[in-house]
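Trainee: So here's entry_4.txt, just compact mmCIF, C-alpha atoms:
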# COMPACT_ATOMS: atom_id res chain seq x y z
CA MET A 25 145.70 103.82 63.91
CA PRO A 26 147.60 106.52 65.77
CA PRO A 27 145.40 108.93 67.71
CA VAL A 28 144.48 111.98 65.69
CA LYS A 29 145.98 115.14 67.15
CA ARG A 30 143.07 117.28 68.34
CA PRO A 31 142.89 120.56 66.50
CA ARG A 32 143.07 123.65 68.65
CA SER A 33 139.51 124.51 67.66
CA SER A 34 138.13 121.48 69.49
CA PRO A 35 135.04 121.81 71.68
CA ALA A 36 137.18 121.56 74.82
CA ARG A 37 139.37 124.39 73.61
CA GLU A 38 136.27 126.43 72.86
CA VAL A 39 134.96 125.94 76.38
CA GLU A 40 138.33 127.02 77.73
CA ILE A 41 138.23 130.20 75.68
CA LEU A 42 134.63 130.97 76.65
CA GLU A 43 135.50 130.58 80.31
CA THR A 44 138.30 133.08 79.87
CA VAL A 45 135.90 135.46 78.09
CA LEU A 46 133.39 135.21 80.91
CA ARG A 47 136.03 135.93 83.51
CA LEU A 48 137.20 139.01 81.60
CA VAL A 49 133.66 140.35 81.11
CA ALA A 50 132.70 139.77 84.74
CA HIS A 51 135.86 141.58 85.84
CA ASP A 52 136.16 144.43 83.34
CA GLY A 53 132.70 144.84 81.82
CA TYR A 54 131.66 144.34 78.22
CA ASP A 55 133.05 147.57 76.81
CA ALA A 56 136.55 147.04 78.18
CA VAL A 57 136.99 143.51 76.80
CA THR A 58 138.71 143.36 73.41
CA MET A 59 139.58 140.52 71.04
CA ASP A 60 143.24 141.30 71.81
CA ALA A 61 142.66 140.94 75.54
CA VAL A 62 140.85 137.62 75.04
CA ALA A 63 143.59 136.36 72.72
CA ALA A 64 146.25 137.20 75.28
CA ALA A 65 144.39 135.81 78.30
CA ALA A 66 143.33 132.60 76.52
CA HIS A 67 146.72 132.09 74.82
CA ALA A 68 144.98 131.97 71.45
CA SER A 69 145.66 133.84 68.25
CA LYS A 70 143.12 136.39 67.12
CA ALA A 71 142.77 134.33 63.93
CA THR A 72 141.62 131.38 66.06
CA LEU A 73 139.02 133.55 67.75
CA TYR A 74 137.71 135.02 64.52
CA ARG A 75 137.51 131.57 62.92
CA ARG A 76 134.98 130.64 65.57
CA TRP A 77 133.23 133.94 66.32
CA PRO A 78 132.53 136.63 63.75
CA SER A 79 132.62 139.38 66.37
CA LYS A 80 133.38 140.17 69.98
CA ALA A 81 129.63 140.49 70.63
CA ASP A 82 129.03 137.01 69.27
CA MET A 83 131.82 135.54 71.37
CA ILE A 84 130.71 137.23 74.59
CA VAL A 85 127.06 136.28 74.16
CA ASP A 86 128.14 132.66 73.60
CA ALA A 87 130.13 132.82 76.83
CA VAL A 88 127.19 134.26 78.75
CA ARG A 89 124.74 131.78 77.24
CA ARG A 90 126.99 128.88 78.14
CA HIS A 91 127.19 130.21 81.69
CA ILE A 92 123.51 130.97 82.34
CA GLY A 93 122.25 127.93 80.46
CA THR A 94 119.54 127.74 77.86
CA VAL A 95 115.80 127.68 78.40
CA ALA A 96 114.58 124.15 77.77
CA VAL A 97 111.13 123.03 76.69
CA PRO A 98 109.71 121.86 80.02
CA VAL A 99 108.67 118.27 80.51
CA PRO A 100 104.85 118.44 80.35
CA THR A 101 103.47 119.04 83.84
CA GLY A 102 99.94 118.17 82.77
CA THR A 103 98.64 121.75 82.86
CA LEU A 104 99.39 124.88 80.88
CA ARG A 105 99.78 126.71 84.19
CA GLY A 106 102.44 124.26 85.36
CA ASP A 107 104.26 124.46 82.04
CA LEU A 108 104.24 128.27 82.03
CA ILE A 109 105.54 128.37 85.59
CA GLN A 110 108.34 125.98 84.66
CA VAL A 111 109.56 127.99 81.71
CA LEU A 112 109.34 131.38 83.47
CA SER A 113 111.15 129.92 86.47
CA GLN A 114 114.00 128.94 84.17
CA VAL A 115 114.21 132.48 82.81
CA ALA A 116 114.02 133.94 86.33
CA GLU A 117 116.93 131.74 87.33
CA GLN A 118 118.95 132.84 84.30
CA LEU A 119 118.32 136.49 85.06
CA THR A 120 119.30 136.20 88.70
CA SER A 121 122.21 133.80 88.36
CA ASP A 122 124.53 136.81 88.37
CA ASP A 123 124.84 140.36 87.14
CA LEU A 124 125.73 139.38 83.59
CA ALA A 125 122.32 140.11 82.09
CA LEU A 126 122.36 143.61 83.55
CA GLN A 127 125.95 144.14 82.50
CA LEU A 128 125.08 143.61 78.85
CA ILE A 129 121.93 145.74 78.72
CA ALA A 130 123.55 149.17 78.68
CA PRO A 131 126.32 148.33 76.14
CA ALA A 132 123.80 146.59 73.88
CA HIS A 133 122.11 149.90 73.34
CA HIS A 134 125.08 151.39 71.55
CA ASP A 135 126.36 148.13 70.04
CA PRO A 136 123.98 146.73 67.40
CA GLU A 137 126.01 143.52 67.05
CA LEU A 138 125.65 142.79 70.75
CA MET A 139 121.94 143.58 70.60
CA LYS A 140 121.51 141.22 67.65
CA ALA A 141 123.51 138.44 69.28
CA LEU A 142 121.45 138.72 72.48
CA GLU A 143 118.26 138.76 70.46
CA ILE A 144 119.18 135.63 68.47
CA LYS A 145 120.96 133.61 71.14
CA VAL A 146 119.16 134.53 74.36
CA ARG A 147 115.78 136.06 73.67
CA GLU A 148 114.65 134.08 70.64
CA PRO A 149 115.11 130.63 72.24
CA ALA A 150 112.90 131.65 75.18
CA ARG A 151 110.30 132.96 72.76
CA ILE A 152 110.32 129.67 70.86
CA VAL A 153 109.99 127.60 74.03
CA MET A 154 106.97 129.68 75.09
CA ARG A 155 105.40 129.17 71.68
CA ILE A 156 105.93 125.38 71.86
CA LEU A 157 104.21 125.28 75.25
CA LEU A 158 101.23 127.19 74.00
CA GLU A 159 100.91 125.10 70.86
CA ARG A 160 100.98 122.01 73.04
CA ALA A 161 98.13 123.46 75.11
CA VAL A 162 96.12 124.11 71.95
CA ALA A 163 96.81 120.59 70.66
CA GLN A 164 95.60 119.17 73.97
CA GLY A 165 92.49 121.30 73.96
CA GLU A 166 93.45 123.37 77.01
CA LEU A 167 93.44 126.50 74.85
CA THR A 168 90.91 126.97 72.10
CA SER A 169 93.05 129.08 69.80
CA LEU A 170 96.23 131.09 69.66
CA SER A 171 95.87 134.24 67.66
CA GLU A 172 99.10 135.83 68.90
CA PRO A 173 101.52 133.08 69.86
CA ASP A 174 104.32 135.47 70.86
CA LEU A 175 102.34 137.88 73.01
CA PRO A 176 102.56 135.83 76.23
CA HIS A 177 106.34 135.89 75.90
CA ASP A 178 106.29 139.59 75.06
CA VAL A 179 104.26 140.35 78.18
CA ALA A 180 105.98 138.01 80.65
CA MET A 181 109.65 138.56 79.84
CA PRO A 182 109.53 142.34 80.31
CA MET A 183 107.87 141.86 83.69
CA LEU A 184 110.73 139.60 84.83
CA LEU A 185 113.38 141.92 83.42
CA ASP A 186 111.66 144.94 84.97
CA ALA A 187 111.71 143.36 88.43
CA LEU A 188 115.41 142.68 87.97
CA LEU A 189 116.09 146.25 86.88
CA TRP A 190 114.19 147.71 89.83
CA GLY A 191 115.88 145.46 92.33
CA ARG A 192 112.76 143.49 93.18
CA PRO A 193 112.74 139.75 93.87
CA VAL A 194 112.67 137.70 90.66
CA ASP A 195 111.36 134.61 92.37
CA ALA A 196 108.63 131.95 92.46
CA ASP A 197 106.07 134.45 93.79
CA LEU A 198 106.64 136.81 90.89
CA VAL A 199 106.44 133.93 88.40
CA ALA A 200 103.15 132.70 89.88
CA HIS A 201 101.81 136.28 89.90
CA ILE A 202 102.63 136.73 86.21
CA VAL A 203 101.12 133.38 85.25
CA ASP A 204 97.96 133.59 87.36
CA ARG A 205 97.10 137.27 87.17
CA VAL A 206 98.36 138.12 83.70
CA LEU A 207 99.10 135.25 81.31
CA LEU A 208 96.21 132.91 82.05
CA PRO A 209 93.56 135.68 82.08
CA LEU A 210 95.02 137.05 78.84
CA LEU A 211 95.09 133.66 77.14
CA GLU A 212 91.51 133.15 78.26
CA ALA A 213 90.47 136.58 76.96
CA TRP A 214 92.19 136.05 73.61
CA SER A 215 90.60 132.64 73.19
CA THR A 216 87.16 134.13 73.49
CA VAL A 217 87.76 137.32 71.57
CA GLY A 218 89.76 135.52 68.88
CA MET B 12 110.16 199.17 100.43
CA PRO B 13 113.53 198.27 98.97
CA PRO B 14 113.49 195.11 96.85
CA VAL B 15 114.39 192.01 98.84
CA LYS B 16 117.66 190.50 97.70
CA ARG B 17 116.88 187.07 96.29
CA PRO B 18 118.59 184.30 98.19
CA ARG B 19 120.90 182.08 96.20
CA SER B 20 118.58 179.14 96.80
CA SER B 21 115.84 180.71 94.70
CA PRO B 22 113.90 178.59 92.21
CA ALA B 23 115.76 180.25 89.33
CA ARG B 24 119.07 179.33 90.89
CA GLU B 25 117.85 175.77 91.37
CA VAL B 26 116.93 175.50 87.69
CA GLU B 27 120.36 176.80 86.79
CA ILE B 28 122.02 174.15 88.92
CA LEU B 29 119.82 171.35 87.58
CA GLU B 30 120.67 172.35 84.03
CA THR B 31 124.34 172.11 84.88
CA VAL B 32 123.76 168.70 86.48
CA LEU B 33 121.97 167.45 83.38
CA ARG B 34 124.78 168.64 81.12
CA LEU B 35 127.38 166.87 83.28
CA VAL B 36 125.40 163.60 83.42
CA ALA B 37 124.72 163.61 79.68
CA HIS B 38 128.41 164.19 79.03
CA ASP B 39 130.14 162.04 81.64
CA GLY B 40 127.53 159.51 82.76
CA TYR B 41 126.00 159.11 86.19
CA ASP B 42 128.92 157.38 87.87
CA ALA B 43 131.46 160.03 86.91
CA VAL B 44 129.45 163.01 88.18
CA THR B 45 130.31 164.03 91.76
CA MET B 46 128.96 166.71 94.09
CA ASP B 47 132.35 168.40 93.78
CA ALA B 48 132.11 168.50 90.00
CA VAL B 49 128.59 169.95 90.15
CA ALA B 50 129.65 172.55 92.72
CA ALA B 51 132.54 173.63 90.52
CA ALA B 52 130.57 173.70 87.26
CA ALA B 53 127.57 175.49 88.77
CA HIS B 54 129.68 177.91 90.83
CA ALA B 55 127.85 176.79 93.95
CA SER B 56 129.18 175.61 97.29
CA LYS B 57 128.65 171.99 98.24
CA ALA B 58 126.75 173.27 101.28
CA THR B 59 124.27 174.93 98.92
CA LEU B 60 123.80 171.69 97.03
CA TYR B 61 123.34 169.60 100.13
CA ARG B 62 120.86 172.10 101.56
CA ARG B 63 118.62 171.37 98.61
CA TRP B 64 119.40 167.72 97.80
CA PRO B 65 120.22 165.08 100.36
CA SER B 66 122.29 163.10 97.88
CA LYS B 67 123.80 163.09 94.43
CA ALA B 68 121.17 160.55 93.36
CA ASP B 69 118.37 162.83 94.49
CA MET B 70 119.85 165.80 92.66
CA ILE B 71 120.43 163.93 89.42
CA VAL B 72 116.96 162.39 89.37
CA ASP B 73 115.49 165.87 89.92
CA ALA B 74 117.50 167.12 86.95
CA VAL B 75 116.33 164.25 84.77
CA ARG B 76 112.72 164.60 85.86
CA ARG B 77 112.78 168.31 85.12
CA HIS B 78 114.15 167.52 81.68
CA ILE B 79 111.86 164.67 80.64
CA GLY B 80 108.76 166.21 82.23
CA THR B 81 106.22 164.56 84.49
CA VAL B 82 103.35 162.30 83.51
CA ALA B 83 100.14 164.29 83.86
CA VAL B 84 96.64 162.97 84.47
CA PRO B 85 95.20 163.13 80.95
CA VAL B 86 92.21 165.32 80.23
CA PRO B 87 89.35 162.80 79.94
CA THR B 88 89.06 161.63 76.35
CA GLY B 89 85.67 160.06 76.95
CA THR B 90 86.88 156.45 76.86
CA LEU B 91 89.17 154.39 79.03
CA ARG B 92 91.00 153.34 75.87
CA GLY B 93 91.68 156.96 74.92
CA ASP B 94 92.84 157.80 78.44
CA LEU B 95 95.18 154.80 78.59
CA ILE B 96 96.67 155.68 75.22
CA GLN B 97 97.25 159.24 76.37
CA VAL B 98 99.09 158.31 79.52
CA LEU B 99 101.23 155.60 77.89
CA SER B 100 102.09 157.99 75.07
CA GLN B 101 103.42 160.44 77.63
CA VAL B 102 105.61 157.74 79.15
CA ALA B 103 106.79 156.63 75.71
CA GLU B 104 107.79 160.19 74.96
CA GLN B 105 109.70 160.47 78.23
CA LEU B 106 111.55 157.24 77.55
CA THR B 107 112.56 158.21 74.04
CA SER B 108 113.28 161.91 74.63
CA ASP B 109 116.94 160.98 75.00
CA ASP B 110 119.27 158.34 76.40
CA LEU B 111 118.94 159.51 79.99
CA ALA B 112 116.57 156.77 81.09
CA LEU B 113 118.94 154.12 79.80
CA GLN B 114 121.94 155.88 81.29
CA LEU B 115 120.50 155.61 84.78
CA ILE B 116 119.38 151.98 84.61
CA ALA B 117 122.75 150.31 85.00
CA PRO B 118 124.09 152.58 87.79
CA ALA B 119 120.79 152.29 89.69
CA HIS B 120 121.47 148.62 90.15
CA HIS B 121 124.50 149.24 92.34
CA ASP B 122 123.30 152.51 93.86
CA PRO B 123 120.27 152.02 96.15
CA GLU B 124 119.82 155.79 96.60
CA LEU B 125 119.51 156.28 92.85
CA MET B 126 117.09 153.35 92.60
CA LYS B 127 114.96 154.80 95.40
CA ALA B 128 114.98 158.29 93.89
CA LEU B 129 113.92 156.92 90.48
CA GLU B 130 111.24 154.83 92.11
CA ILE B 131 109.78 157.76 94.07
CA LYS B 132 110.22 160.56 91.56
CA VAL B 133 109.76 158.86 88.19
CA ARG B 134 107.99 155.54 88.55
CA GLU B 135 105.54 156.25 91.35
CA PRO B 136 103.95 159.31 89.67
CA ALA B 137 103.21 157.27 86.53
CA ARG B 138 101.71 154.52 88.68
CA ILE B 139 99.48 157.04 90.45
CA VAL B 140 98.29 158.57 87.18
CA MET B 141 97.36 155.12 85.85
CA ARG B 142 95.44 154.41 89.04
CA ILE B 143 93.52 157.71 88.78
CA LEU B 144 92.51 156.85 85.21
CA LEU B 145 91.24 153.45 86.18
CA GLU B 146 89.34 154.76 89.18
CA ARG B 147 87.72 157.32 86.91
CA ALA B 148 86.65 154.50 84.58
CA VAL B 149 85.15 152.61 87.51
CA ALA B 150 83.33 155.74 88.72
CA GLN B 151 81.91 156.24 85.25
CA GLY B 152 80.81 152.65 84.98
CA GLU B 153 83.18 151.74 82.14
CA LEU B 154 84.88 149.20 84.41
CA THR B 155 82.89 147.15 86.87
CA SER B 156 85.60 146.73 89.47
CA LEU B 157 89.29 147.14 90.05
CA SER B 158 90.73 144.34 92.13
CA GLU B 159 94.38 145.15 91.33
CA PRO B 160 94.65 148.85 90.54
CA ASP B 161 98.43 148.76 89.98
CA LEU B 162 98.63 145.74 87.72
CA PRO B 163 97.89 147.61 84.46
CA HIS B 164 100.84 149.88 85.22
CA ASP B 165 103.00 146.93 86.20
CA VAL B 166 102.27 145.20 82.89
CA ALA B 167 102.43 148.21 80.55
CA MET B 168 105.53 150.03 81.80
CA PRO B 169 107.83 147.00 81.49
CA MET B 170 106.63 146.49 77.91
CA LEU B 171 107.57 150.08 77.02
CA LEU B 172 110.91 149.84 78.81
CA ASP B 173 111.62 146.48 77.20
CA ALA B 174 111.08 147.90 73.71
CA LEU B 175 113.48 150.71 74.57
CA LEU B 176 116.09 148.28 75.87
CA TRP B 177 115.87 146.07 72.79
CA GLY B 178 116.08 148.99 70.41
CA ARG B 179 112.53 148.64 69.12
CA PRO B 180 110.27 151.58 68.29
CA VAL B 181 108.58 153.01 71.38
CA ASP B 182 105.82 154.69 69.40
CA ALA B 183 102.09 155.07 68.91
CA ASP B 184 101.81 151.58 67.38
CA LEU B 185 103.38 149.97 70.42
CA VAL B 186 101.15 151.99 72.75
CA ALA B 187 98.01 150.97 70.85
CA HIS B 188 99.18 147.34 70.81
CA ILE B 189 99.68 147.35 74.59
CA VAL B 190 96.31 148.99 75.24
CA ASP B 191 94.24 146.94 72.77
CA ARG B 192 95.85 143.53 73.03
CA VAL B 193 96.95 143.50 76.64
CA LEU B 194 95.45 146.11 78.98
CA LEU B 195 91.83 146.20 77.82
CA PRO B 196 91.52 142.38 77.58
CA LEU B 197 93.12 142.07 81.03
CA LEU B 198 90.86 144.71 82.59
CA GLU B 199 87.91 142.93 81.06
CA ALA B 200 89.08 139.56 82.36
CA TRP B 201 89.72 140.90 85.86
CA SER B 202 86.31 142.57 85.95
CA THR B 203 84.61 139.27 85.32
CA VAL B 204 86.85 137.07 87.40
CA GLY B 205 87.10 139.62 90.20
Represent the structure of the file as structure tokens.
Mentor:
Amino acid sequence: MPPVKRPRSSPAREVEILETVLRLVAHDGYDAVTMDAVAAAAHASKATLYRRWPSKADMIVDAVRRHIGTVAVPVPTGTLRGDLIQVLSQVAEQLTSDDLALQLIAPAHHDPELMKALEIKVREPARIVMRILLERAVAQGELTSLSEPDLPHDVAMPMLLDALLWGRPVDADLVAHIVDRVLLPLLEAWSTVG
Amino acid sequence: MPPVKRPRSSPAREVEILETVLRLVAHDGYDAVTMDAVAAAAHASKATLYRRWPSKADMIVDAVRRHIGTVAVPVPTGTLRGDLIQVLSQVAEQLTSDDLALQLIAPAHHDPELMKALEIKVREPARIVMRILLERAVAQGELTSLSEPDLPHDVAMPMLLDALLWGRPVDADLVAHIVDRVLLPLLEAWSTVG
């Protein structure tokens, strides 16, 4: 059989386009990047872009997510503390890998599509990973119950983001501080209080 | 005695200048506002401006602080819960009074003077008010101890800011949620654990 000609919407082509998008955003900022500019720089038609991404926001968030990586469910470390540290360390690394997170915060506030794409593609996966960790700890008897499975995420992530915003180190010390002084005492308190 | 001619650096004149500054920042954004532009719009010499404010950052943060108000030590409500809700409600109101807080976040990241001015003039006062509240609760026996007097602030403020950033309501429900589900359980846990 003759080799099938790869369509231009192949995964490799997508990666190529996303790399172009990332370069444009890093250089010009979110607001200045347009579908036209991406089409020109990536030598793609706008139709090709819109076939893959419903909006500019969607395309740019995909590019950023590909660049900063996704938060993975950590291999069990044997303790809830170890697991929490692993997942928050991943987020800390994402936030500090470059200025992209900060660059999208201001535009997201006046661009509901960008906000939604960030929510679905960046924030929600981290929330789910945190929930999986905690459910694992309940299943293994390390936590007695879990009345608010999202609250640990909703407390920890803002503390990481806040440190980033205020120019403070988003590092292993901060992660350990959040886990030891905030998350574990809270999880303990919630277990008792129900 | 003849009336003393008021110097042009009078408080009234300062208010006039800060109102001009605020109008320029709201219209053009932090980055675009220069000392020259303020001098021209406020009919003041740059020397006058620099006599009062060491930097553009300092001047703009003063203008914003004057506009959003300062966080006051709440009149004792009789309970720590009531006091915490009062102070966080004040911060929530500041954050949502307009887009100014958000407008300064991105520029602060590449302008250390702005970051420092925000830290000293906006963040630090809120931190101090929180600490006063908690010390009052210790003095009145509602809390047994206070090993980390700044941690309640450092947990609560990011949660408010985070809601603002993600376009969620920064309202009385959020404040009550933070106080009841996070701060009070944490204060309880820290009291026991030390």
Trainee: Output as a PyMOL selection string the set of chain A residues within 10 Å of chain B, with distances taken over only C-alpha atoms.
Mentor: chain A and resi 123+126-134+136+139-140+142-143+172+175-176+178-191+202+205-214+217
Trainee: Near Arg76 of chain A, counting all atoms listed in the file, which residues have an atom at most 12 Å away, once you skip same-chain residues fewer than 3 positions from it, shown as an MDAnalysis selection string?
Mentor: chainID A and resid 32:35 37:39 41:42 68:73 79:80 82:84 86
Trainee: Which polymer residues have any atom within 9 Å of an atom of Gln105 of chain B, counting only C-alpha atoms, with same-chain residues fewer than 5 positions away left out, as a ChimeraX atom specification?
Mentor: /B:79-82,100,112
Trainee: Work out how far atom CA of Ser202 of chain B is from atom CA of Arg160 of chain A, in Å to one decimal.
Mentor: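 Between atom CA of Arg160 of chain A and atom CA of Ser202 of chain B the gap is 28.4 Å.
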Trainee: Taking only C-alpha atoms into account, name the residue in B:Pro65, B:Leu111, B:Leu95, B:Glu104 that is nearest to Gly40 of chain B.
Mentor: B:Leu111
Trainee: If we count all atoms listed in the file, what is near Ala74 of chain B at a cut-off of 8 Å, once residues fewer than 2 positions away on the same chain are taken out, given as JSON, numbers by chain?
Mentor: {"B": [29, 30, 32, 33, 70, 71, 72, 76, 77, 78]}
Trainee: Distance atom CA of Glu159 of chain A-atom CA of Asp204 of chain A, one decimal place?
Mentor: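 Distance between the two atoms: 18.8 Å.
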Trainee: From the list A:Val199, A:Val49, A:Ala163, A:Leu158, which residue is nearest Val88 of chain A when using only C-alpha atoms?
Mentor: A:Val49
Trainee: Kindly give the distance, in Å, that separates atom CA of Leu35 of chain B and atom CA of Arg138 of chain B, rounded to a single decimal.
Mentor: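 Between atom CA of Leu35 of chain B and atom CA of Arg138 of chain B the gap is 29.0 Å.
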